[in-house]
$ cat input_0.txt   # compact mmCIF, C-alpha atoms and all ligand atoms
# COMPACT_ATOMS: atom_id res chain seq x y z
CA MET L 1 93.24 147.53 134.37
CA THR L 2 95.57 144.77 135.61
CA LYS L 3 94.11 142.62 138.34
CA LYS L 4 95.45 143.41 141.79
CA LYS L 5 97.12 140.79 143.95
CA GLU L 6 95.14 140.42 147.16
CA VAL L 7 96.54 140.55 150.68
CA ARG L 8 93.68 139.15 152.74
CA ILE L 9 93.75 140.67 156.21
CA GLY L 10 92.73 139.08 159.51
CA LEU L 11 92.67 141.85 162.11
CA ILE L 12 92.78 140.90 165.79
CA GLY L 13 91.72 143.52 168.36
CA CYS L 14 88.98 146.03 167.52
CA GLY L 15 90.04 149.01 169.67
CA PHE L 16 91.90 152.23 168.87
CA MET L 17 94.54 150.66 166.63
CA GLY L 18 92.01 148.30 165.04
CA ARG L 19 90.25 151.45 163.82
CA THR L 20 93.37 153.26 162.56
CA HIS L 21 94.56 150.21 160.61
CA SER L 22 91.12 149.44 159.15
CA ASN L 23 90.80 153.05 158.04
CA GLY L 24 94.26 152.77 156.47
CA TYR L 25 93.43 149.63 154.48
CA ASN L 26 90.19 151.15 153.26
CA ARG L 27 91.81 154.29 151.89
CA ILE L 28 94.75 152.68 150.08
CA LYS L 29 92.82 151.84 146.93
CA ASN L 30 91.85 155.48 146.42
CA PHE L 31 95.12 157.16 147.27
CA PHE L 32 97.68 154.54 146.14
CA PRO L 33 95.95 153.24 143.00
CA ASP L 34 99.21 152.11 141.36
CA LEU L 35 100.09 149.46 143.95
CA GLU L 36 100.21 145.88 142.62
CA HIS L 37 98.85 144.56 145.92
CA LEU L 38 95.68 145.60 147.65
CA PRO L 39 94.47 144.79 151.16
CA VAL L 40 91.20 142.89 151.39
CA LEU L 41 89.37 143.21 154.70
CA LYS L 42 88.51 139.57 155.28
CA VAL L 43 87.92 139.15 159.02
CA ALA L 44 87.92 141.22 162.20
CA CYS L 45 88.26 139.51 165.58
CA SER L 46 87.07 140.63 168.99
CA ARG L 47 86.29 138.41 171.98
CA ASN L 48 82.85 139.95 172.26
CA GLU L 49 80.58 138.75 169.42
CA GLU L 50 78.40 141.85 169.34
CA LYS L 51 81.47 144.09 169.10
CA ALA L 52 83.13 141.87 166.47
CA LYS L 53 79.99 141.96 164.31
CA ALA L 54 79.45 145.71 164.68
CA PHE L 55 83.12 146.49 163.99
CA SER L 56 83.29 144.26 160.92
CA GLU L 57 80.16 145.90 159.50
CA GLN L 58 81.32 149.43 160.28
CA TRP L 59 84.75 149.04 158.69
CA GLY L 60 83.80 146.73 155.82
CA TYR L 61 85.18 143.33 156.85
CA GLU L 62 83.58 140.35 155.09
CA SER L 63 83.27 138.34 158.31
CA TYR L 64 84.09 138.27 162.00
CA GLU L 65 85.50 135.83 164.58
CA THR L 66 85.60 135.80 168.38
CA ASP L 67 88.68 133.56 168.76
CA TRP L 68 92.00 134.75 167.31
CA LYS L 69 93.12 131.14 166.82
CA ALA L 70 90.23 130.67 164.39
CA VAL L 71 91.52 133.64 162.36
CA ILE L 72 94.97 132.10 162.11
CA ALA L 73 93.52 128.69 161.19
CA ARG L 74 91.62 130.12 158.20
CA ASP L 75 93.15 129.43 154.80
CA ASP L 76 91.61 132.55 153.24
CA ILE L 77 93.86 134.86 155.32
CA ASP L 78 97.33 136.02 154.16
CA ALA L 79 98.23 138.52 156.89
CA ILE L 80 97.51 138.74 160.60
CA ASP L 81 97.27 142.28 161.96
CA ILE L 82 97.84 142.30 165.74
CA CYS L 83 96.04 145.20 167.45
CA THR L 84 95.68 143.64 170.89
CA PRO L 85 97.34 144.78 174.13
CA ASN L 86 101.03 143.94 174.49
CA ASP L 87 100.61 140.66 176.41
CA MET L 88 99.09 138.99 173.33
CA HIS L 89 101.69 140.04 170.75
CA ALA L 90 104.10 137.14 171.26
CA GLU L 91 101.58 134.30 171.38
CA ILE L 92 99.64 135.51 168.34
CA SER L 93 102.80 136.32 166.33
CA ILE L 94 104.41 132.97 166.98
CA ALA L 95 101.21 131.10 166.03
CA ALA L 96 100.83 133.25 162.88
CA ALA L 97 104.47 132.64 161.89
CA LYS L 98 104.01 128.88 162.30
CA ALA L 99 100.90 129.09 160.09
CA GLY L 100 102.93 130.90 157.40
CA LYS L 101 100.99 134.17 157.59
CA MET L 102 102.50 137.61 157.14
CA ILE L 103 102.41 139.56 160.41
CA PHE L 104 101.70 143.23 161.05
CA CYS L 105 102.25 143.70 164.78
CA GLU L 106 101.54 146.74 166.91
CA LYS L 107 104.33 148.23 169.02
CA PRO L 108 106.03 147.66 171.38
CA LEU L 109 107.00 144.30 169.87
CA ALA L 110 106.30 142.61 173.22
CA ARG L 111 106.41 143.06 176.99
CA THR L 112 109.99 141.84 177.42
CA LEU L 113 113.20 141.17 175.56
CA GLU L 114 112.68 137.42 175.99
CA GLU L 115 109.27 137.50 174.33
CA SER L 116 110.63 139.72 171.56
CA GLU L 117 113.49 137.34 170.88
CA GLU L 118 111.10 134.40 170.53
CA MET L 119 109.08 136.43 168.04
CA VAL L 120 112.14 137.38 166.00
CA ASN L 121 113.22 133.72 165.93
CA ALA L 122 109.74 132.58 164.91
CA VAL L 123 109.57 134.88 161.88
CA ALA L 124 113.16 134.04 160.94
CA GLU L 125 112.40 130.30 161.02
CA SER L 126 109.21 130.56 159.01
CA GLY L 127 110.46 133.30 156.66
CA VAL L 128 107.15 135.21 156.81
CA LYS L 129 107.11 138.91 155.92
CA ASN L 130 106.62 141.10 158.96
CA MET L 131 106.31 144.67 160.09
CA VAL L 132 105.79 146.62 163.30
CA TRP L 133 103.61 149.72 163.45
CA TYR L 134 106.16 152.37 164.39
CA ASN L 135 104.06 154.62 162.20
CA TYR L 136 105.50 158.06 163.04
CA ARG L 137 108.38 157.44 160.63
CA ARG L 138 105.85 157.82 157.83
CA LEU L 139 104.50 161.25 158.58
CA PRO L 140 105.77 163.46 155.73
CA ALA L 141 107.61 165.93 157.99
CA VAL L 142 109.41 163.08 159.81
CA THR L 143 110.37 161.41 156.52
CA LEU L 144 111.59 164.80 155.29
CA ALA L 145 113.77 165.08 158.41
CA LYS L 146 115.33 161.75 157.40
CA HIS L 147 116.01 163.03 153.87
CA ILE L 148 117.55 166.26 155.21
CA ILE L 149 119.87 164.33 157.56
CA GLU L 150 120.88 161.91 154.79
CA SER L 151 121.68 164.81 152.47
CA GLY L 152 124.32 165.95 154.98
CA LYS L 153 122.70 169.36 155.56
CA LEU L 154 123.07 169.03 159.34
CA GLY L 155 126.71 167.96 159.17
CA ARG L 156 128.05 166.22 162.23
CA ILE L 157 125.24 165.64 164.73
CA PHE L 158 125.85 166.58 168.37
CA HIS L 159 122.45 166.33 170.07
CA TYR L 160 119.20 164.37 169.74
CA ARG L 161 116.41 165.42 172.11
CA ALA L 162 112.94 163.88 172.31
CA ASN L 163 109.87 164.18 174.53
CA PHE L 164 106.61 162.31 174.67
CA LEU L 165 104.37 163.99 177.25
CA GLN L 166 100.80 163.25 178.31
CA ASP L 167 98.69 164.02 181.38
CA TRP L 168 95.91 161.42 181.49
CA THR L 169 97.00 159.45 184.58
CA ILE L 170 97.36 162.30 187.09
CA ASN L 171 93.94 161.38 188.47
CA ALA L 172 94.39 158.71 191.16
CA ASN L 173 90.98 157.27 190.24
CA VAL L 174 92.30 155.99 186.91
CA LYS L 175 92.33 152.22 187.39
CA GLN L 176 94.71 149.55 186.19
CA GLY L 177 93.91 146.37 184.22
CA GLY L 178 90.94 145.67 181.93
CA SER L 179 90.42 148.55 179.50
CA ASP L 180 93.13 150.43 181.45
CA TRP L 181 95.62 147.70 180.47
CA ARG L 182 98.37 150.31 179.89
CA MET L 183 98.46 150.82 183.67
CA ASP L 184 98.97 147.10 184.40
CA ALA L 185 102.59 145.92 184.16
CA GLU L 186 101.45 142.30 183.67
CA VAL L 187 99.73 143.26 180.42
CA ALA L 188 101.74 146.26 179.21
CA GLY L 189 105.23 145.09 180.25
CA SER L 190 106.19 148.64 181.23
CA GLY L 191 104.67 152.11 181.43
CA VAL L 192 105.76 155.12 179.43
CA THR L 193 109.01 153.41 178.41
CA GLY L 194 107.37 150.74 176.23
CA ASP L 195 104.28 152.77 175.38
CA LEU L 196 105.70 156.19 174.48
CA LEU L 197 109.51 156.21 174.57
CA ALA L 198 109.54 153.16 172.28
CA HIS L 199 108.17 155.45 169.55
CA CYS L 200 110.83 158.10 170.30
CA ILE L 201 113.59 155.46 170.28
CA ASP L 202 112.43 153.95 166.99
CA THR L 203 112.39 157.37 165.30
CA ALA L 204 115.71 158.34 166.90
CA MET L 205 117.58 155.23 165.76
CA TRP L 206 116.07 155.57 162.28
CA LEU L 207 117.20 159.20 162.03
CA ASN L 208 120.42 159.18 164.02
CA GLY L 209 121.66 155.57 164.21
CA SER L 210 122.14 153.09 167.00
CA ILE L 211 122.17 153.80 170.74
CA GLY L 212 125.10 152.25 172.62
CA ASP L 213 124.38 152.87 176.29
CA VAL L 214 121.85 154.58 178.53
CA SER L 215 121.43 156.03 181.98
CA ALA L 216 117.85 156.37 183.18
CA VAL L 217 115.59 157.36 186.02
CA THR L 218 111.95 156.29 186.33
CA GLU L 219 109.21 157.19 188.81
CA THR L 220 105.82 155.79 189.74
CA PHE L 221 104.00 158.72 191.29
CA ILE L 222 100.83 156.90 192.33
CA LYS L 223 101.85 153.68 193.98
CA GLU L 224 98.49 151.88 194.22
CA ARG L 225 95.43 151.82 192.00
CA VAL L 226 92.23 149.80 191.91
CA HIS L 227 92.51 146.88 189.50
CA GLN L 228 89.54 146.70 187.10
CA VAL L 229 89.54 142.91 187.04
CA THR L 230 90.02 142.09 190.77
CA GLY L 231 88.28 145.24 192.06
CA LYS L 232 91.05 145.51 194.69
CA MET L 233 93.60 148.22 195.39
CA GLU L 234 96.89 146.82 194.05
CA PRO L 235 100.48 148.08 193.72
CA VAL L 236 101.26 149.83 190.45
CA GLY L 237 104.12 148.12 188.58
CA ILE L 238 104.57 150.46 185.64
CA ASP L 239 106.82 153.50 185.23
CA ASP L 240 104.70 156.67 185.18
CA ALA L 241 107.62 158.79 184.00
CA CYS L 242 111.04 158.07 182.54
CA ILE L 243 114.01 160.28 181.69
CA PHE L 244 117.16 158.88 180.11
CA HIS L 245 120.26 160.11 178.43
CA CYS L 246 122.44 158.09 176.10
CA HIS L 247 125.31 157.87 173.63
CA PHE L 248 124.56 157.29 169.98
CA ASP L 249 127.13 155.34 167.97
CA ASN L 250 127.78 158.44 165.81
CA GLY L 251 129.15 160.24 168.88
CA SER L 252 126.08 162.40 169.57
CA LEU L 253 124.31 162.63 172.92
CA GLY L 254 120.62 161.82 173.39
CA LEU L 255 118.16 163.12 175.95
CA PHE L 256 114.68 161.58 176.21
CA GLU L 257 111.77 162.32 178.53
CA SER L 258 108.32 160.77 178.80
CA THR L 259 105.55 161.10 181.35
CA ARG L 260 101.80 160.86 181.70
CA TYR L 261 101.93 163.58 184.41
CA ALA L 262 102.70 166.69 182.35
CA ARG L 263 99.53 168.73 182.91
CA GLY L 264 98.40 170.32 179.65
CA HIS L 265 100.06 167.83 177.33
CA LYS L 266 98.05 165.17 175.46
CA ALA L 267 100.36 163.76 172.82
CA PHE L 268 103.31 166.12 172.90
CA TYR L 269 105.84 164.10 170.91
CA THR L 270 108.70 166.31 169.81
CA PHE L 271 112.26 165.88 168.66
CA GLU L 272 115.09 168.31 167.98
CA ILE L 273 118.39 167.45 166.33
CA ASN L 274 121.36 169.81 166.46
CA GLY L 275 124.15 169.44 163.91
CA GLU L 276 127.25 171.48 163.23
CA LYS L 277 125.68 173.18 160.17
CA ALA L 278 121.96 173.12 160.92
CA SER L 279 119.22 171.97 163.30
CA ILE L 280 115.74 170.52 162.80
CA ARG L 281 112.80 170.10 165.12
CA TRP L 282 109.31 168.57 164.89
CA ASP L 283 106.17 168.45 167.00
CA LEU L 284 103.42 165.85 166.59
CA GLU L 285 100.77 168.36 167.65
CA ASP L 286 101.71 170.43 164.56
CA LEU L 287 102.64 167.45 162.45
CA ASN L 288 102.72 169.01 158.99
CA ARG L 289 105.52 171.37 159.94
CA LEU L 290 109.26 170.76 160.11
CA GLU L 291 111.39 173.54 161.53
CA PHE L 292 114.85 174.03 160.11
CA PHE L 293 117.69 176.36 161.08
CA ASP L 294 120.54 176.70 158.59
CA HIS L 295 123.66 178.45 159.85
CA SER L 296 124.85 179.05 156.25
CA ASP L 297 121.92 181.44 155.59
CA SER L 298 123.04 185.08 155.38
CA SER L 299 122.91 186.62 158.83
CA GLU L 300 120.19 189.18 157.87
CA VAL L 301 117.64 186.41 157.30
CA ARG L 302 119.11 183.63 159.43
CA GLY L 303 116.59 182.07 161.79
CA TRP L 304 114.32 179.11 162.28
CA ARG L 305 112.19 178.52 159.19
CA SER L 306 108.93 176.65 159.41
CA ILE L 307 108.46 174.32 156.46
CA HIS L 308 104.83 173.45 155.78
CA VAL L 309 105.39 169.94 154.45
CA THR L 310 102.50 169.79 151.98
CA ASP L 311 104.15 170.30 148.59
CA GLY L 312 103.91 167.60 145.95
CA ASP L 313 107.66 166.97 145.87
CA GLN L 314 107.80 166.46 149.64
CA PRO L 315 107.41 162.90 150.99
CA TYR L 316 104.02 161.27 150.27
CA MET L 317 102.32 164.59 149.46
CA ASP L 318 101.87 163.84 145.74
CA LYS L 319 99.32 161.23 146.89
CA TRP L 320 97.05 163.76 148.61
CA TRP L 321 95.41 167.09 147.85
CA VAL L 322 97.11 170.21 146.45
CA PRO L 323 100.07 172.11 147.93
CA GLY L 324 99.22 173.93 151.14
CA LEU L 325 96.51 171.52 152.27
CA SER L 326 97.26 169.47 155.38
CA ILE L 327 96.96 165.79 156.13
CA GLY L 328 96.83 164.18 159.58
CA TYR L 329 97.67 161.38 162.01
CA GLU L 330 95.69 158.75 160.12
CA GLN L 331 97.98 159.09 157.10
CA SER L 332 100.91 157.60 159.02
CA PHE L 333 99.10 154.25 159.02
CA ILE L 334 97.95 154.56 155.40
CA HIS L 335 101.54 155.32 154.32
CA GLN L 336 102.97 152.45 156.34
CA ALA L 337 100.51 149.93 154.92
CA ALA L 338 101.06 151.25 151.38
CA ASP L 339 104.86 151.09 151.73
CA PHE L 340 104.60 147.53 153.01
CA LEU L 341 102.47 146.51 150.01
CA GLU L 342 104.98 148.22 147.72
CA SER L 343 107.77 146.18 149.33
CA LEU L 344 105.92 142.98 148.42
CA ALA L 345 106.04 144.00 144.77
CA SER L 346 109.63 145.28 144.79
CA GLY L 347 110.97 142.43 146.94
CA GLN L 348 112.84 144.97 149.09
CA ASP L 349 113.06 144.49 152.85
CA PHE L 350 110.49 146.46 154.80
CA SER L 351 111.45 148.47 157.87
CA PRO L 352 110.49 148.66 160.71
CA ASN L 353 110.22 144.88 160.94
CA PHE L 354 110.47 142.53 163.93
CA LYS L 355 114.24 142.78 163.97
CA ASP L 356 114.14 146.61 164.09
CA ALA L 357 111.54 146.53 166.85
CA PHE L 358 113.71 144.03 168.75
CA ASP L 359 116.52 146.62 168.66
CA THR L 360 114.13 149.23 170.10
CA GLN L 361 113.13 146.71 172.78
CA LYS L 362 116.81 146.29 173.68
CA VAL L 363 117.07 150.01 174.35
CA CYS L 364 113.83 149.99 176.40
CA GLU L 365 115.11 147.04 178.45
CA ALA L 366 118.45 148.77 179.08
CA VAL L 367 116.57 151.93 180.14
CA LEU L 368 114.47 150.02 182.69
CA GLU L 369 117.49 148.08 183.98
CA SER L 370 119.49 151.28 184.29
CA ALA L 371 116.73 152.96 186.31
CA ALA L 372 116.36 149.91 188.57
CA SER L 373 120.10 149.58 189.20
CA LYS L 374 120.92 153.31 189.15
CA SER L 375 123.79 152.64 186.75
CA TRP L 376 124.71 152.96 183.06
CA LYS L 377 123.66 149.99 180.91
CA THR L 378 124.83 148.97 177.45
CA THR L 379 122.10 148.14 174.96
CA GLY L 380 124.02 145.35 173.22
CA LEU L 381 123.40 146.99 169.83
N1 LIG V 401 101.33 152.73 166.75
C1 LIG V 401 100.79 153.54 167.62
O1 LIG V 401 100.94 154.75 167.57
C2 LIG V 401 99.94 152.97 168.73
C3 LIG V 401 98.98 153.77 169.36
C4 LIG V 401 98.16 153.17 170.33
C5 LIG V 401 98.35 151.84 170.66
N2 LIG V 401 99.33 151.11 170.06
C6 LIG V 401 99.52 149.68 170.39
O2 LIG V 401 98.43 148.95 169.82
C7 LIG V 401 98.04 147.88 170.66
C8 LIG V 401 96.57 148.05 171.02
O3 LIG V 401 96.38 149.30 171.63
P1 LIG V 401 94.97 150.07 171.54
O4 LIG V 401 95.24 151.46 171.92
O5 LIG V 401 94.32 149.78 170.24
O6 LIG V 401 94.20 149.33 172.72
P2 LIG V 401 92.64 149.19 172.91
O7 LIG V 401 92.44 148.80 174.33
O8 LIG V 401 91.93 150.38 172.36
O9 LIG V 401 92.27 147.97 171.96
C9 LIG V 401 92.73 146.66 172.19
C10 LIG V 401 91.61 145.73 171.80
O10 LIG V 401 92.08 144.38 171.86
C11 LIG V 401 91.03 143.58 172.35
N3 LIG V 401 91.53 142.30 172.82
C12 LIG V 401 92.19 142.02 173.95
N4 LIG V 401 92.48 140.70 174.01
C13 LIG V 401 91.97 140.16 172.87
C14 LIG V 401 91.92 138.84 172.37
N5 LIG V 401 92.44 137.79 173.02
N6 LIG V 401 91.29 138.63 171.17
C15 LIG V 401 90.75 139.66 170.48
N7 LIG V 401 90.76 140.94 170.93
C16 LIG V 401 91.37 141.17 172.12
C17 LIG V 401 90.41 144.45 173.44
O11 LIG V 401 89.11 144.02 173.76
C18 LIG V 401 90.43 145.83 172.77
O12 LIG V 401 89.25 146.07 172.02
C19 LIG V 401 98.99 147.95 171.86
O13 LIG V 401 100.04 147.06 171.66
C20 LIG V 401 99.48 149.38 171.86
O14 LIG V 401 100.75 149.54 172.45
C21 LIG V 401 100.11 151.66 169.10
$ encode --input "input_0.txt" --output "structure tokens"
Amino acid sequence: MTKKKEVRIGLIGCGFMGRTHSNGYNRIKNFFPDLEHLPVLKVACSRNEEKAKAFSEQWGYESYETDWKAVIARDDIDAIDICTPNDMHAEISIAAAKAGKMIFCEKPLARTLEESEEMVNAVAESGVKNMVWYNYRRLPAVTLAKHIIESGKLGRIFHYRANFLQDWTINANVKQGGSDWRMDAEVAGSGVTGDLLAHCIDTAMWLNGSIGDVSAVTETFIKERVHQVTGKMEPVGIDDACIFHCHFDNGSLGLFESTRYARGHKAFYTFEINGEKASIRWDLEDLNRLEFFDHSDSSEVRGWRSIHVTDGDQPYMDKWWVPGLSIGYEQSFIHQAADFLESLASGQDFSPNFKDAFDTQKVCEAVLESAASKSWKTTGL
């Protein structure tokens, strides 16, 4: 067996995403055995020593650190994986780029367009390989949607519709700050726009091309919440809900909605695309299925068909079990990491990278500006 080239990982932030990425790295060797490169779990970093130690042992890291700067300073690390809240993405990325490390950064790229631009410039100057974890692209049904669109089966596209609905902040006792950093504009940058719609926008621009302009409305339903760090009741600065419509460069119209106040919904990310010849739709809560309506079917059998995307010739599914058996959410991270490693061997550009995520940030910024000014905004794309 030829010796694998190692990509030695330094993971910063041992929360939800720290777990999904670590799980991904661990499973690559079994399910993508032909890759030339393999991730090596070198160090996990959390500010709390007990947590850093426990996490590194649980997920198989060789060592742990409590200061992210120490991770970047180590010469046995090739790639920095940023799984911290959004306020740390820019500082860590820029330091990692200067140290010549590859960077795998969680989304959204940063809190603001300014921070994102500095990050894009830093990786351009240093030339380090980079990627951003817009992982939904790599669920088989979503990748299949891309293939179907590229094959021309939909024809001219008229409509792109996406939702990302949750209900976890309806309770006024949910705090802001600390572990509830998503509720704190200082840390998160924005609310549902950067947290949830950023995913919808990334998928949309990947499937349907660039967005030219937007018109948005946002709402903050609960105006004050206790801050975990100060213990005081403080104004809420994030958007609790956001609805926007837009023009895509291909002439189609987009309609996007996100909220954390849709009782009954936990992670209801859906999209539907309507073309002149056919339509497709997808739902994260039933992620192995892609629905497809083909107007050229004979009228007796014409209707929405539900494709169970588990066959070996459908995207990624030759890597898993046998046809008919499902995979899950975790695979989106495994597939993204594997595709990135493959790009190192092939020399091809990897997407989504910092530049792609900067484009998504431009749309998010235009959405927030449009809502604030109650006017249409161009994205600059
Ligand atoms: N791709 C996706 O689908 C997806 C899903 C969830 C979250 N995210 C993104 O991932 C990032 C992390 O989100 P999460 O849900 O994992 O949050 P989390 O709160 O579960 O985990 C973040 C961790 O970072 C740690 N941390 C904070 N500052 C640190 C520092 N200076 N050094 C080391 N560790 C530090 C926190 O203690 C916490 O354990 C965010 O940017 C978020 O937007 C992406």
$ residues_near_ligand --input "input_0.txt" --ligand "ligand LIG 401 (chain V)" --cutoff "6 Å" --atoms "only C-alpha atoms and all ligand atoms" --output "list in words"
Ile12, Gly13, Cys14, Gly15, Phe16, Met17, Gly18, Cys45, Ser46, Arg47, Trp68, Cys83, Thr84, Pro85, Asn86, Glu106, Lys107, Pro108, Trp133, Tyr134, Asn135, Ser179 and Asp195 of chain L
$ atom_distance --input "input_0.txt" --atom1 "CA of Arg138 in chain L" --atom2 "CA of Phe104 in chain L"
15.5 Å
$ atom_distance --input "input_0.txt" --atom1 "CA of Gly237 in chain L" --atom2 "CA of Thr203 in chain L"
26.4 Å
$ closest_atom_pairs --input "input_0.txt" --of "range 91-142 of chain L" --to "range 307-327 of chain L" --cutoff "10 Å" --atoms "only C-alpha atoms" --output "Markdown table"
| residue | atom | partner | partner_atom | distance |
| --- | --- | --- | --- | --- |
| L:Arg138 | CA | L:Tyr316 | CA | 8.5 |
| L:Leu139 | CA | L:Pro315 | CA | 8.3 |
| L:Pro140 | CA | L:Pro315 | CA | 5.0 |
| L:Ala141 | CA | L:Val309 | CA | 5.8 |
| L:Val142 | CA | L:Pro315 | CA | 9.0 |
$ atom_distance --input "input_0.txt" --atom1 "CA of Gly189 in chain L" --atom2 "CA of Lys377 in chain L"
19.1 Å
$ closest_residue --input "input_0.txt" --among "L:Asp213, L:Leu165, L:Ile9, L:Asp180" --to "Ser375 in chain L" --atoms "all atoms listed in the file"
L:Asp213
$ residues_around --input "input_0.txt" --residues "Glu285 in chain L" --least-positions-apart "2" --cutoff "8 Å" --atoms "only C-alpha atoms" --output "PyMOL selection string"
chain L and resi 267-269+283+287
$ build_atoms --input "input_0.txt" --residues "range 280-294 of chain L" --atoms "N, CA and C atoms" --output "PDB file, keeping the file's coordinate frame"
ATOM      1  N   ILE L 280     117.153 170.700 163.169  1.00  0.00           N
ATOM      2  CA  ILE L 280     115.740 170.520 162.800  1.00  0.00           C
ATOM      3  C   ILE L 280     114.952 170.177 164.042  1.00  0.00           C
ATOM      4  N   ARG L 281     113.656 170.533 164.024  1.00  0.00           N
ATOM      5  CA  ARG L 281     112.800 170.100 165.120  1.00  0.00           C
ATOM      6  C   ARG L 281     111.385 169.872 164.607  1.00  0.00           C
ATOM      7  N   TRP L 282     110.658 169.004 165.336  1.00  0.00           N
ATOM      8  CA  TRP L 282     109.310 168.570 164.890  1.00  0.00           C
ATOM      9  C   TRP L 282     108.449 168.349 166.108  1.00  0.00           C
ATOM     10  N   ASP L 283     107.139 168.531 165.901  1.00  0.00           N
ATOM     11  CA  ASP L 283     106.170 168.450 167.000  1.00  0.00           C
ATOM     12  C   ASP L 283     104.914 167.755 166.468  1.00  0.00           C
ATOM     13  N   LEU L 284     104.577 166.620 167.052  1.00  0.00           N
ATOM     14  CA  LEU L 284     103.420 165.850 166.590  1.00  0.00           C
ATOM     15  C   LEU L 284     102.127 166.664 166.610  1.00  0.00           C
ATOM     16  N   GLU L 285     102.015 167.589 167.566  1.00  0.00           N
ATOM     17  CA  GLU L 285     100.770 168.360 167.650  1.00  0.00           C
ATOM     18  C   GLU L 285     100.655 169.398 166.524  1.00  0.00           C
ATOM     19  N   ASP L 286     101.726 169.553 165.749  1.00  0.00           N
ATOM     20  CA  ASP L 286     101.710 170.430 164.560  1.00  0.00           C
ATOM     21  C   ASP L 286     102.420 169.654 163.455  1.00  0.00           C
ATOM     22  N   LEU L 287     101.874 168.492 163.145  1.00  0.00           N
ATOM     23  CA  LEU L 287     102.640 167.450 162.450  1.00  0.00           C
ATOM     24  C   LEU L 287     103.001 167.735 161.008  1.00  0.00           C
ATOM     25  N   ASN L 288     102.364 168.707 160.375  1.00  0.00           N
ATOM     26  CA  ASN L 288     102.720 169.010 158.990  1.00  0.00           C
ATOM     27  C   ASN L 288     103.913 169.952 158.862  1.00  0.00           C
ATOM     28  N   ARG L 289     104.412 170.420 159.997  1.00  0.00           N
ATOM     29  CA  ARG L 289     105.520 171.370 159.940  1.00  0.00           C
ATOM     30  C   ARG L 289     106.835 170.729 160.396  1.00  0.00           C
ATOM     31  N   LEU L 290     107.913 171.106 159.675  1.00  0.00           N
ATOM     32  CA  LEU L 290     109.260 170.760 160.110  1.00  0.00           C
ATOM     33  C   LEU L 290     110.015 172.077 160.230  1.00  0.00           C
ATOM     34  N   GLU L 291     110.630 172.303 161.371  1.00  0.00           N
ATOM     35  CA  GLU L 291     111.390 173.540 161.530  1.00  0.00           C
ATOM     36  C   GLU L 291     112.861 173.264 161.253  1.00  0.00           C
ATOM     37  N   PHE L 292     113.489 174.227 160.595  1.00  0.00           N
ATOM     38  CA  PHE L 292     114.850 174.030 160.110  1.00  0.00           C
ATOM     39  C   PHE L 292     115.637 175.316 160.313  1.00  0.00           C
ATOM     40  N   PHE L 293     116.809 175.199 160.895  1.00  0.00           N
ATOM     41  CA  PHE L 293     117.690 176.360 161.080  1.00  0.00           C
ATOM     42  C   PHE L 293     118.982 176.055 160.341  1.00  0.00           C
ATOM     43  N   ASP L 294     119.338 176.937 159.397  1.00  0.00           N
ATOM     44  CA  ASP L 294     120.540 176.700 158.590  1.00  0.00           C
ATOM     45  C   ASP L 294     121.550 177.804 158.875  1.00  0.00           C
TER      46      ASP L 294
END
